[in-house]
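Student: My structure file start-v9.cif, mmCIF, C-alpha atoms, is below:
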data_upload
#
loop_
_atom_site.label_atom_id
_atom_site.label_comp_id
_atom_site.auth_asym_id
_atom_site.auth_seq_id
_atom_site.Cartn_x
_atom_site.Cartn_y
_atom_site.Cartn_z
CA MET L 3 0.00 0.00 0.00
CA THR L 4 1.40 3.43 -0.88
CA TYR L 5 1.69 6.22 1.67
CA GLU L 6 -1.20 8.06 0.00
CA GLU L 7 -3.42 5.00 0.24
CA LYS L 8 -2.55 4.49 3.89
CA LEU L 9 -3.23 8.16 4.59
CA ALA L 10 -6.59 8.04 2.79
CA ARG L 11 -7.58 4.95 4.74
CA PHE L 12 -6.51 6.54 8.04
CA THR L 13 -8.41 9.74 7.26
CA ASP L 14 -11.57 7.78 6.43
CA LYS L 15 -11.22 5.79 9.62
CA VAL L 16 -10.87 8.88 11.83
CA ASN L 17 -13.61 10.77 10.00
CA GLY L 18 -15.91 7.80 10.44
CA GLY L 19 -15.45 8.09 14.22
CA ASP L 20 -13.16 5.06 14.57
CA LYS L 21 -10.41 5.22 17.18
CA VAL L 22 -6.65 4.97 16.75
CA GLU L 23 -4.52 2.60 18.86
CA THR L 24 -0.77 2.92 19.50
CA THR L 25 0.07 -0.03 17.27
CA ASP L 26 -2.02 1.22 14.31
CA TRP L 27 -0.41 2.91 11.35
CA MET L 28 -0.70 6.70 11.67
CA PRO L 29 0.74 9.60 9.70
CA ASP L 30 3.72 11.32 11.31
CA ASP L 31 1.90 14.60 11.84
CA TYR L 32 -0.84 12.74 13.72
CA ARG L 33 1.71 10.95 15.92
CA ASN L 34 3.67 14.14 16.59
CA GLY L 35 0.56 16.23 17.17
CA VAL L 36 -0.92 13.75 19.65
CA LEU L 37 2.42 13.30 21.39
CA LYS L 38 2.93 17.04 21.80
CA PHE L 39 -0.64 17.50 23.02
CA ILE L 40 -0.49 14.71 25.63
CA GLU L 41 3.01 15.78 26.67
CA MET L 42 1.74 19.29 27.36
CA HIS L 43 -1.19 17.86 29.30
CA ALA L 44 1.23 15.76 31.38
CA ASN L 45 3.53 18.75 31.91
CA SER L 46 0.55 20.79 33.08
CA GLU L 47 -0.48 18.17 35.62
CA ILE L 48 2.97 18.01 37.14
CA MET L 49 3.50 21.79 37.05
CA GLY L 50 -0.06 22.24 38.34
CA ALA L 51 0.98 20.54 41.54
CA LEU L 52 3.34 23.43 42.36
CA PRO L 53 1.01 26.42 42.91
CA GLU L 54 -1.17 24.35 45.24
CA ARG L 55 1.87 22.97 46.99
CA GLU L 56 2.90 26.56 47.70
CA CYS L 57 -0.51 27.08 49.34
CA LEU L 58 -0.16 24.14 51.74
CA PRO L 59 1.21 26.21 54.65
CA ALA L 60 -1.84 28.49 54.35
CA ALA L 61 -4.29 25.63 55.01
CA PRO L 62 -6.65 26.71 57.81
CA SER L 63 -6.87 23.26 59.41
CA LEU L 64 -5.17 19.87 59.40
CA LYS L 65 -8.12 18.37 57.53
CA ARG L 66 -7.84 20.97 54.77
CA LYS L 67 -4.10 20.41 54.61
CA MET L 68 -4.49 16.66 54.24
CA SER L 69 -7.18 16.91 51.59
CA LEU L 70 -5.10 19.38 49.60
CA CYS L 71 -2.10 17.03 49.86
CA ALA L 72 -4.21 14.19 48.47
CA LYS L 73 -5.37 16.40 45.61
CA ILE L 74 -1.79 17.35 44.76
CA GLN L 75 -0.86 13.67 44.77
CA ASP L 76 -3.70 13.01 42.30
CA GLU L 77 -2.35 15.68 39.94
CA VAL L 78 1.10 14.09 39.99
CA GLY L 79 -0.58 10.72 39.45
CA HIS L 80 -2.31 12.13 36.36
CA ALA L 81 1.06 13.22 35.02
CA GLN L 82 2.36 9.65 35.51
CA LEU L 83 -0.55 8.19 33.53
CA LEU L 84 -0.21 10.75 30.75
CA TYR L 85 3.58 10.47 30.41
CA ARG L 86 3.12 6.70 30.11
CA VAL L 87 0.67 7.15 27.22
CA ALA L 88 2.94 9.73 25.58
CA GLU L 89 6.00 7.46 25.92
CA ASP L 90 4.31 4.83 23.78
CA LEU L 91 4.25 7.36 20.93
CA GLY L 92 8.02 7.40 20.84
CA LYS L 93 9.53 9.92 23.28
CA SER L 94 11.09 8.78 26.55
CA ARG L 95 9.89 10.12 29.86
CA ASP L 96 13.38 11.38 30.60
CA ALA L 97 13.42 13.37 27.36
CA MET L 98 9.99 14.84 28.14
CA TYR L 99 11.01 15.78 31.65
CA TYR L 100 14.25 17.29 30.40
CA ASP L 101 12.40 19.37 27.78
CA LEU L 102 10.03 20.58 30.50
CA VAL L 103 12.66 21.69 33.01
CA THR L 104 14.80 23.34 30.34
CA GLY L 105 11.79 25.30 29.06
CA LYS L 106 11.72 23.61 25.65
CA SER L 107 8.18 22.31 26.03
CA LYS L 108 5.10 24.03 27.40
CA PHE L 109 2.58 23.78 30.23
CA HIS L 110 -0.80 25.40 30.80
CA ASN L 111 -0.99 29.17 31.31
CA VAL L 112 -2.65 29.12 34.74
CA PHE L 113 0.35 27.45 36.36
CA HIS L 114 2.64 30.36 35.44
CA TYR L 115 0.99 32.66 38.00
CA PRO L 116 1.80 33.32 41.67
CA VAL L 117 -0.40 32.26 44.57
CA LYS L 118 -0.96 34.60 47.49
CA HIS L 119 -3.32 33.01 50.03
CA TRP L 120 -5.94 30.34 50.74
CA GLY L 121 -8.43 32.08 48.42
CA ASP L 122 -6.23 30.92 45.53
CA VAL L 123 -6.89 27.29 46.52
CA ALA L 124 -10.63 27.94 46.17
CA ILE L 125 -10.17 29.49 42.72
CA ILE L 126 -7.80 26.77 41.51
CA GLY L 127 -9.87 23.92 42.93
CA TRP L 128 -13.23 25.18 41.75
CA LEU L 129 -12.90 27.43 38.71
CA ILE L 130 -9.61 26.27 37.22
CA ASP L 131 -10.33 22.60 37.80
CA GLY L 132 -13.84 23.33 36.51
CA ALA L 133 -12.34 24.79 33.33
CA ALA L 134 -9.98 21.82 33.04
CA LEU L 135 -12.84 19.39 33.47
CA VAL L 136 -14.83 21.05 30.65
CA THR L 137 -11.86 20.64 28.29
CA GLN L 138 -10.95 17.15 29.46
CA ALA L 139 -14.51 15.83 29.29
CA ALA L 140 -14.60 17.01 25.68
CA LEU L 141 -11.47 14.93 25.03
CA LEU L 142 -13.11 11.72 26.27
CA ASP L 143 -14.22 11.23 22.67
CA SER L 144 -10.78 11.95 21.18
CA SER L 145 -9.67 9.82 18.23
CA TYR L 146 -6.58 8.57 20.11
CA ALA L 147 -7.99 5.73 22.19
CA PRO L 148 -5.19 5.23 24.78
CA TYR L 149 -5.57 8.90 25.73
CA THR L 150 -9.33 8.53 26.25
CA ARG L 151 -8.79 5.54 28.53
CA VAL L 152 -6.56 7.44 30.95
CA LEU L 153 -8.81 10.49 30.70
CA LYS L 154 -11.68 8.42 32.06
CA ARG L 155 -9.79 7.99 35.29
CA ILE L 156 -8.48 11.56 35.29
CA CYS L 157 -11.96 13.04 34.80
CA ALA L 158 -13.38 10.94 37.62
CA GLU L 159 -10.72 12.32 39.97
CA GLU L 160 -11.12 15.87 38.65
CA GLN L 161 -14.80 15.61 39.48
CA LEU L 162 -13.80 15.00 43.07
CA HIS L 163 -11.35 17.91 42.97
CA LEU L 164 -14.15 20.12 41.80
CA ARG L 165 -16.26 19.20 44.81
CA HIS L 166 -13.23 19.78 47.02
CA GLY L 167 -12.73 23.24 45.45
CA GLU L 168 -16.42 24.12 45.66
CA ASP L 169 -16.47 23.07 49.30
CA ILE L 170 -13.61 25.49 50.09
CA THR L 171 -15.31 28.23 48.05
CA LEU L 172 -18.61 27.79 49.87
CA GLU L 173 -16.84 27.89 53.22
CA LEU L 174 -15.17 31.19 52.32
CA ALA L 175 -18.36 32.57 50.76
CA SER L 176 -20.42 31.87 53.88
CA GLY L 177 -17.70 33.12 56.24
CA THR L 178 -16.51 36.47 57.56
CA ASP L 179 -15.95 39.58 55.45
CA ALA L 180 -12.23 38.79 55.44
CA GLN L 181 -12.89 35.26 54.12
CA ARG L 182 -15.18 36.57 51.39
CA GLU L 183 -12.57 39.15 50.47
CA MET L 184 -10.01 36.35 50.03
CA PHE L 185 -12.14 34.75 47.34
CA GLN L 186 -13.03 38.07 45.71
CA GLU L 187 -9.41 39.22 45.60
CA ALA L 188 -8.25 35.90 44.12
CA LEU L 189 -11.07 35.97 41.54
CA GLY L 190 -9.91 39.43 40.48
CA ARG L 191 -6.37 38.19 39.92
CA TRP L 192 -7.27 34.91 38.19
CA TRP L 193 -10.24 35.73 35.96
CA LEU L 194 -8.33 36.82 32.86
CA ALA L 195 -6.03 33.79 33.10
CA ILE L 196 -9.09 31.52 33.31
CA ILE L 197 -10.50 33.10 30.15
CA HIS L 198 -7.08 32.60 28.50
CA PHE L 199 -7.04 28.97 29.66
CA PHE L 200 -9.24 27.92 26.73
CA GLY L 201 -7.00 29.72 24.23
CA PRO L 202 -7.89 32.14 21.44
CA ARG L 203 -10.56 31.21 18.91
CA SER L 204 -9.69 27.99 17.09
CA ASN L 205 -8.71 28.14 13.46
CA VAL L 206 -10.78 25.18 12.34
CA ASP L 207 -9.11 24.95 8.90
CA LYS L 208 -5.57 25.06 10.26
CA ASP L 209 -5.87 23.16 13.53
CA LEU L 210 -4.48 19.73 12.74
CA LEU L 211 -5.69 18.27 16.04
CA LEU L 212 -9.28 19.29 15.33
CA ARG L 213 -9.05 17.88 11.81
CA TRP L 214 -7.81 14.54 13.10
CA LYS L 215 -10.48 14.61 15.83
CA VAL L 216 -7.84 14.45 18.57
CA LYS L 217 -9.65 17.52 19.87
CA THR L 218 -13.38 17.38 19.39
CA ARG L 219 -14.52 20.94 20.10
CA THR L 220 -13.25 24.45 19.45
CA ASN L 221 -11.70 26.66 22.13
CA GLU L 222 -14.56 29.17 22.00
CA ASP L 223 -17.14 26.42 22.31
CA LEU L 224 -15.48 25.08 25.47
CA ARG L 225 -15.09 28.58 26.93
CA GLN L 226 -18.80 29.16 26.33
CA GLU L 227 -19.74 25.97 28.16
CA PHE L 228 -17.55 27.03 31.09
CA LEU L 229 -19.09 30.54 31.26
CA ASP L 230 -22.64 29.21 31.12
CA ARG L 231 -21.93 26.71 33.83
CA TYR L 232 -19.89 28.77 36.30
CA VAL L 233 -20.73 32.47 35.90
CA PRO L 234 -24.22 32.16 37.45
CA LYS L 235 -22.78 30.12 40.33
CA VAL L 236 -20.21 32.81 41.15
CA LEU L 237 -22.75 35.63 40.87
CA GLU L 238 -25.20 33.77 43.08
CA LEU L 239 -22.58 33.88 45.86
CA GLY L 240 -22.42 37.67 45.49
CA PHE L 241 -18.95 38.01 43.94
CA GLN L 242 -18.01 40.39 41.12
CA PHE L 243 -16.06 39.68 37.97
CA PRO L 244 -13.30 41.95 36.71
CA THR L 245 -12.72 42.61 32.98
CA PRO L 246 -13.78 40.83 30.80
CA VAL L 247 -17.07 41.07 32.72
CA PRO L 248 -19.57 38.38 31.67
CA PHE L 249 -23.09 39.53 30.75
CA HIS L 250 -26.27 37.59 30.14
CA ASP L 251 -27.56 37.58 26.60
CA GLU L 252 -31.35 37.34 26.83
CA ALA L 253 -31.73 36.37 23.18
CA THR L 254 -29.53 33.26 23.34
CA GLY L 255 -29.61 32.59 27.08
CA HIS L 256 -25.81 32.44 27.12
CA TRP L 257 -23.33 34.17 29.42
CA LEU L 258 -21.04 36.11 27.09
CA ILE L 259 -17.92 38.21 27.32
CA ASN L 260 -16.92 40.94 24.95
CA GLU L 261 -13.98 39.43 23.11
CA ASP L 262 -12.49 42.88 22.47
CA ASP L 263 -12.09 43.20 26.26
CA ILE L 264 -9.67 40.27 26.42
CA ASP L 265 -6.05 41.34 26.70
CA TRP L 266 -4.09 38.47 25.16
CA GLY L 267 -0.71 40.01 26.08
CA PRO L 268 -0.10 37.94 29.23
CA LEU L 269 -0.90 34.69 27.35
CA ASP L 270 1.50 35.59 24.54
CA ALA L 271 4.27 36.06 27.11
CA ILE L 272 3.45 32.72 28.75
CA LYS L 273 3.59 30.97 25.38
CA LYS L 274 7.24 32.06 25.28
CA ASN L 275 7.68 30.71 28.83
CA GLN L 276 7.92 34.26 30.14
CA GLY L 277 5.06 34.26 32.65
CA PRO L 278 5.35 35.87 36.09
CA GLU L 279 6.37 32.62 37.84
CA THR L 280 7.62 30.51 34.91
CA ALA L 281 11.32 30.73 35.68
CA ARG L 282 10.93 30.11 39.41
CA ARG L 283 8.58 27.11 38.99
CA LEU L 284 10.78 25.55 36.33
CA SER L 285 13.82 25.97 38.54
CA THR L 286 11.92 24.26 41.39
CA ARG L 287 11.22 21.35 39.02
CA LEU L 288 14.84 21.28 37.90
CA GLU L 289 16.03 21.19 41.51
CA MET L 290 13.68 18.28 42.23
CA TYR L 291 14.79 16.55 39.05
CA GLU L 292 18.41 16.74 40.14
CA GLY L 293 17.75 16.13 43.84
CA HIS L 294 15.65 13.05 43.15
CA ARG L 295 18.01 11.57 40.59
CA TRP L 296 19.26 8.96 43.08
CA VAL L 297 15.67 7.81 43.70
CA ARG L 298 15.03 7.31 39.98
CA GLU L 299 18.32 5.47 39.62
CA ALA L 300 17.65 3.26 42.62
CA MET L 301 14.17 2.47 41.33
CA ALA L 302 15.48 1.62 37.88
CA GLU L 303 17.59 -1.22 39.30
CA PRO L 304 15.86 -4.59 39.43
CA SER L 305 15.48 -5.67 43.06
CA ILE L 306 17.87 -8.29 44.40
CA ALA L 307 16.25 -11.22 46.11
CA ALA L 308 17.18 -11.39 49.81
CA ALA L 309 19.65 -14.15 50.54
CA MET V 25 13.06 -0.59 32.45
CA GLU V 26 10.12 -2.30 30.86
CA VAL V 27 6.47 -1.58 30.23
CA TYR V 28 4.09 -3.61 32.37
CA GLU V 29 0.40 -3.76 31.56
CA VAL V 30 -1.84 -3.47 34.62
CA PHE V 31 -5.05 -5.44 35.26
CA ARG V 32 -7.40 -4.76 38.10
CA ARG V 33 -10.32 -6.67 39.57
CA ALA V 34 -13.04 -4.39 40.89
CA GLY V 35 -14.64 -7.07 43.08
CA HIS V 36 -14.85 -10.82 43.58
CA LYS V 37 -17.67 -11.10 41.04
CA GLU V 38 -15.83 -9.08 38.40
CA PRO V 39 -13.24 -10.22 35.88
CA PHE V 40 -9.77 -8.69 35.82
CA GLU V 41 -9.80 -5.75 33.45
CA HIS V 42 -6.94 -3.91 31.81
CA CYS V 43 -6.65 -0.47 33.42
CA GLY V 44 -3.36 0.97 32.15
CA ALA V 45 0.38 0.52 32.14
CA VAL V 46 3.42 1.44 34.18
CA ILE V 47 7.14 1.42 33.50
CA ALA V 48 9.36 -0.43 35.95
CA PRO V 49 12.59 -2.43 36.25
CA ASP V 50 10.89 -5.55 37.60
CA SER V 51 7.52 -6.98 38.56
CA ASP V 52 7.79 -6.01 42.25
CA MET V 53 8.31 -2.37 41.38
CA ALA V 54 5.63 -2.60 38.68
CA LEU V 55 3.14 -3.82 41.30
CA LEU V 56 4.05 -0.98 43.62
CA MET V 57 3.66 1.60 40.86
CA ALA V 58 0.40 0.02 39.73
CA LYS V 59 -1.00 0.20 43.26
CA GLU V 60 -0.08 3.90 43.53
CA CYS V 61 -1.43 4.75 40.08
CA PHE V 62 -4.60 2.67 39.93
CA LEU V 63 -5.72 1.78 43.45
CA ARG V 64 -5.69 5.04 45.39
CA ARG V 65 -9.45 4.97 46.00
CA ARG V 66 -10.37 1.33 46.52
CA GLU V 67 -11.09 0.93 42.80
CA GLY V 68 -10.38 -2.76 43.13
CA ASN V 69 -9.38 -5.53 45.47
CA HIS V 70 -6.67 -7.15 43.40
CA ILE V 71 -4.12 -6.19 40.80
CA TRP V 72 -1.97 -8.01 38.23
CA VAL V 73 0.95 -6.80 36.17
CA ALA V 74 2.33 -8.52 33.09
CA ARG V 75 5.25 -7.60 30.88
CA ARG V 76 3.89 -6.06 27.71
CA SER V 77 6.27 -8.26 25.72
CA ASP V 78 4.59 -11.34 27.24
CA ILE V 79 1.18 -10.38 25.91
CA HIS V 80 0.19 -11.83 22.57
CA SER V 81 -2.41 -10.47 20.22
CA PHE V 82 -3.51 -10.60 16.60
CA GLU V 83 -1.43 -8.25 14.50
CA ASP V 84 -4.29 -7.77 12.09
CA GLU V 85 -7.49 -6.80 13.86
CA SER V 86 -9.57 -7.56 10.80
CA LEU V 87 -9.02 -11.24 11.62
CA LEU V 88 -11.38 -10.71 14.54
CA GLU V 89 -14.29 -9.87 12.30
CA ILE V 90 -16.86 -12.63 11.90
CA ALA V 91 -16.33 -14.09 8.46
CA ALA V 92 -19.87 -14.81 7.35
CA ASP V 93 -23.41 -13.87 8.36
CA LYS V 94 -23.83 -15.42 11.77
CA SER V 95 -26.75 -13.32 12.89
CA TYR V 96 -28.26 -16.43 14.51
CA ARG V 97 -25.67 -15.96 17.22
CA PHE V 98 -27.27 -12.68 18.27
CA ALA V 99 -30.48 -11.88 20.09
CA GLU V 100 -31.61 -9.57 17.26
CA ALA V 101 -32.23 -12.64 15.12
CA TYR V 102 -35.06 -13.69 17.44
CA ARG V 103 -37.29 -10.66 17.36
CA GLY V 104 -41.04 -10.38 16.87
CA VAL V 105 -41.83 -12.81 19.67
CA VAL V 106 -45.19 -11.14 20.39
CA ASP V 107 -46.42 -11.74 16.84
CA LYS V 108 -44.98 -15.21 16.72
CA ARG V 109 -46.66 -16.11 20.03
CA GLU V 110 -49.97 -14.74 18.76
CA LYS V 111 -49.70 -16.86 15.62
CA ALA V 112 -48.97 -19.97 17.68
CA ARG V 113 -51.91 -19.21 19.97
CA ARG V 114 -54.27 -18.90 17.00
CA ARG V 115 -53.02 -22.22 15.67
CA ALA V 116 -53.60 -23.86 19.06
CA GLN V 117 -57.16 -22.48 19.16
CA GLU V 118 -57.72 -23.77 15.63
CA ILE V 119 -56.73 -27.26 16.73
CA ALA V 120 -58.84 -27.10 19.88
CA SER V 121 -61.96 -26.05 18.00
CA SER V 122 -61.63 -28.58 15.19
#
I need this file expressed as structure tokens, please.
Tutor:
Amino acid sequence: MTYEEKLARFTDKVNGGDKVETTDWMPDDYRNGVLKFIEMHANSEIMGALPERECLPAAPSLKRKMSLCAKIQDEVGHAQLLYRVAEDLGKSRDAMYYDLVTGKSKFHNVFHYPVKHWGDVAIIGWLIDGAALVTQAALLDSSYAPYTRVLKRICAEEQLHLRHGEDITLELASGTDAQREMFQEALGRWWLAIIHFFGPRSNVDKDLLLRWKVKTRTNEDLRQEFLDRYVPKVLELGFQFPTPVPFHDEATGHWLINEDDIDWGPLDAIKKNQGPETARRLSTRLEMYEGHRWVREAMAEPSIAAA
Amino acid sequence: MEVYEVFRRAGHKEPFEHCGAVIAPDSDMALLMAKECFLRRREGNHIWVARRSDIHSFEDESLLEIAADKSYRFAEAYRGVVDKREKARRRAQEIASS
């Protein structure tokens, strides 16, 4: 079979809704696109553990501290699952980790920002995990089957994280003025980054991942689902949004934002790994990478049976 | 380091099901990694790991397709039971009244 014939067959298969397995023939740009996409997802899970880790000392009780620890462990666990799936596409975990810590590969925009207090944990756990869940649930139907299988587990755990985040939010929202101000102040700092999280409008003709059905929905479609789901919940608790301020469109029933109000500057900087906390977080990862080298090496040795 | 496929049994009445893979130097470490990755929330009561290279499968999935029409192996082939029962009942009445 010629390359063109294989490609035509693969395209028909994906367009028909069939799934792709690791051992199937796939064009190089599909393999590379999926690999890069899953690698970035894995990077984001492992980098996502850092901002919350920085919040641990701010936990108001031992119970909150333990539940946040467990959540952070889940995020690292997600990275393990995702790196495993990515490895099967032809790049070693060591190479992926090296590219991450040296700033060659990317991770999600929201993990490039500083955290200031416990209100950040509420925002990350509820709104950012909520945004992540909207995008990840949409990927459950991705054309790359091994990815969808790990996403099933990841989404189930993210669902729990969402409840964890909402629980913290509701505690702050029903608390003292100072507690409410924590959430409000954090919302003010994070809102634009959350809008950025979904990315600029998708270019449906150019986006290879959409064409190959690795991604199933456009960025703007996912952002819309997030706004419709979460904006009323935040308003109901009596908090105010900064720019871009969402408004209710009576005609369509949707919660909209004026796209001209979105300043994409901070996202452009983050895409070049020049976010406010990028360098510091990457150097933390690099330090861990070096400091834990002996653990990786010890674990890579087959165990010796006790005499 | 080798890839180990992980299988998990959700309960005593369930079969072992494939749930993912880990990378490890030996089966002991693979089991430990599998437990941390796939059993953090009592998702099962037992776990297996097997070297990926020890798992055999058909290279060509099309070999798994059923070669000819074997619809009689499926429940859909036995539809229309209500009508068929009605027909049989009428026949029985016919015999009784003759």
Student: Could you check the closest approach to Lys38 of chain L for each of L:Leu194, L:Leu70, L:Leu211, L:Val206 and tell me which residue wins, using only C-alpha atoms?
Tutor: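 Comparing L:Leu194, L:Leu70, L:Leu211, L:Val206 against Lys38 of chain L, the winner is L:Leu211.
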Student: Applied to this file, what does the PyMOL selection byres ((chain V) within 12 of (chain L)) return in terms of residues, put as a VMD selection string?
Tutor: chain V and resid 25 to 30 42 to 54 56 to 65 67 76 81 to 85
Student: Compare V:Arg33, V:Arg103, V:Arg114, V:Arg109 by their minimum atom-to-atom distance to Arg66 of chain V, counting only C-alpha atoms, and give me the closest one.
Tutor: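 Looking at the shortest contact to Arg66 of chain V, the residue is V:Arg33.
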Student: Taking 5 positions as the minimum chain separation for residues in the same chain, which residues sit within 12 Å of Thr245 of chain L when counting all atoms listed in the file? Answer as number ranges by chain.
Tutor: L: 189-197, 259-265
Student: For the residues selected in the previous step, produce a file with C-alpha atoms as a PDB file, in the frame of the given file.
Tutor:
ATOM      1  CA  LEU L 189     -11.070  35.970  41.540  1.00  0.00           C
ATOM      2  CA  GLY L 190      -9.910  39.430  40.480  1.00  0.00           C
ATOM      3  CA  ARG L 191      -6.370  38.190  39.920  1.00  0.00           C
ATOM      4  CA  TRP L 192      -7.270  34.910  38.190  1.00  0.00           C
ATOM      5  CA  TRP L 193     -10.240  35.730  35.960  1.00  0.00           C
ATOM      6  CA  LEU L 194      -8.330  36.820  32.860  1.00  0.00           C
ATOM      7  CA  ALA L 195      -6.030  33.790  33.100  1.00  0.00           C
ATOM      8  CA  ILE L 196      -9.090  31.520  33.310  1.00  0.00           C
ATOM      9  CA  ILE L 197     -10.500  33.100  30.150  1.00  0.00           C
ATOM     10  CA  ILE L 259     -17.920  38.210  27.320  1.00  0.00           C
ATOM     11  CA  ASN L 260     -16.920  40.940  24.950  1.00  0.00           C
ATOM     12  CA  GLU L 261     -13.980  39.430  23.110  1.00  0.00           C
ATOM     13  CA  ASP L 262     -12.490  42.880  22.470  1.00  0.00           C
ATOM     14  CA  ASP L 263     -12.090  43.200  26.260  1.00  0.00           C
ATOM     15  CA  ILE L 264      -9.670  40.270  26.420  1.00  0.00           C
ATOM     16  CA  ASP L 265      -6.050  41.340  26.700  1.00  0.00           C
TER      17      ASP L 265
END
Student: Work out how far apart atom CA of Glu227 of chain L and atom CA of Asn111 of chain L are and give it in Å to one decimal.
Tutor: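 Answer for the atom CA of Glu227 of chain L to atom CA of Asn111 of chain L separation: 19.3 Å.
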Student: Could you tell me how far atom CA of Val247 of chain L sits from atom CA of Asp230 of chain L, in Å to one decimal place?
Tutor: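 Straight-line distance from atom CA of Asp230 of chain L to atom CA of Val247 of chain L works out to 13.2 Å.
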Student: Would you mind completing segment 78-92 of chain V to N, CA and C atoms and writing the output as a compact mmCIF listing (two decimals), keeping the file's coordinate frame?
Tutor:
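Produced file part-v9.txt, reproduced below:
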# COMPACT_ATOMS: atom_id res chain seq x y z
N ASP V 78 5.14 -10.00 27.03
CA ASP V 78 4.59 -11.34 27.24
C ASP V 78 3.14 -11.44 26.80
N ILE V 79 2.59 -10.35 26.32
CA ILE V 79 1.18 -10.38 25.91
C ILE V 79 1.10 -10.58 24.41
N HIS V 80 0.28 -11.51 24.00
CA HIS V 80 0.19 -11.83 22.57
C HIS V 80 -1.15 -11.39 22.03
N SER V 81 -1.13 -10.89 20.81
CA SER V 81 -2.41 -10.47 20.22
C SER V 81 -2.33 -10.63 18.72
N PHE V 82 -3.49 -10.54 18.06
CA PHE V 82 -3.51 -10.60 16.60
C PHE V 82 -2.91 -9.32 16.05
N GLU V 83 -2.01 -9.45 15.12
CA GLU V 83 -1.43 -8.25 14.50
C GLU V 83 -2.49 -7.54 13.68
N ASP V 84 -3.30 -8.33 12.99
CA ASP V 84 -4.29 -7.77 12.09
C ASP V 84 -5.68 -7.89 12.73
N GLU V 85 -6.20 -6.76 13.15
CA GLU V 85 -7.49 -6.80 13.86
C GLU V 85 -8.64 -7.28 12.99
N SER V 86 -8.46 -7.17 11.67
CA SER V 86 -9.57 -7.56 10.80
C SER V 86 -9.82 -9.07 10.91
N LEU V 87 -8.83 -9.80 11.42
CA LEU V 87 -9.02 -11.24 11.62
C LEU V 87 -10.09 -11.53 12.68
N LEU V 88 -10.39 -10.52 13.47
CA LEU V 88 -11.38 -10.71 14.54
C LEU V 88 -12.81 -10.53 14.05
N GLU V 89 -12.93 -10.05 12.82
CA GLU V 89 -14.29 -9.87 12.30
C GLU V 89 -14.88 -11.24 12.00
N ILE V 90 -16.20 -11.35 12.15
CA ILE V 90 -16.86 -12.63 11.90
C ILE V 90 -17.00 -12.81 10.39
N ALA V 91 -16.51 -13.92 9.90
CA ALA V 91 -16.33 -14.09 8.46
C ALA V 91 -17.63 -14.04 7.66
N ALA V 92 -18.64 -14.73 8.13
CA ALA V 92 -19.87 -14.81 7.35
C ALA V 92 -21.03 -14.29 8.19
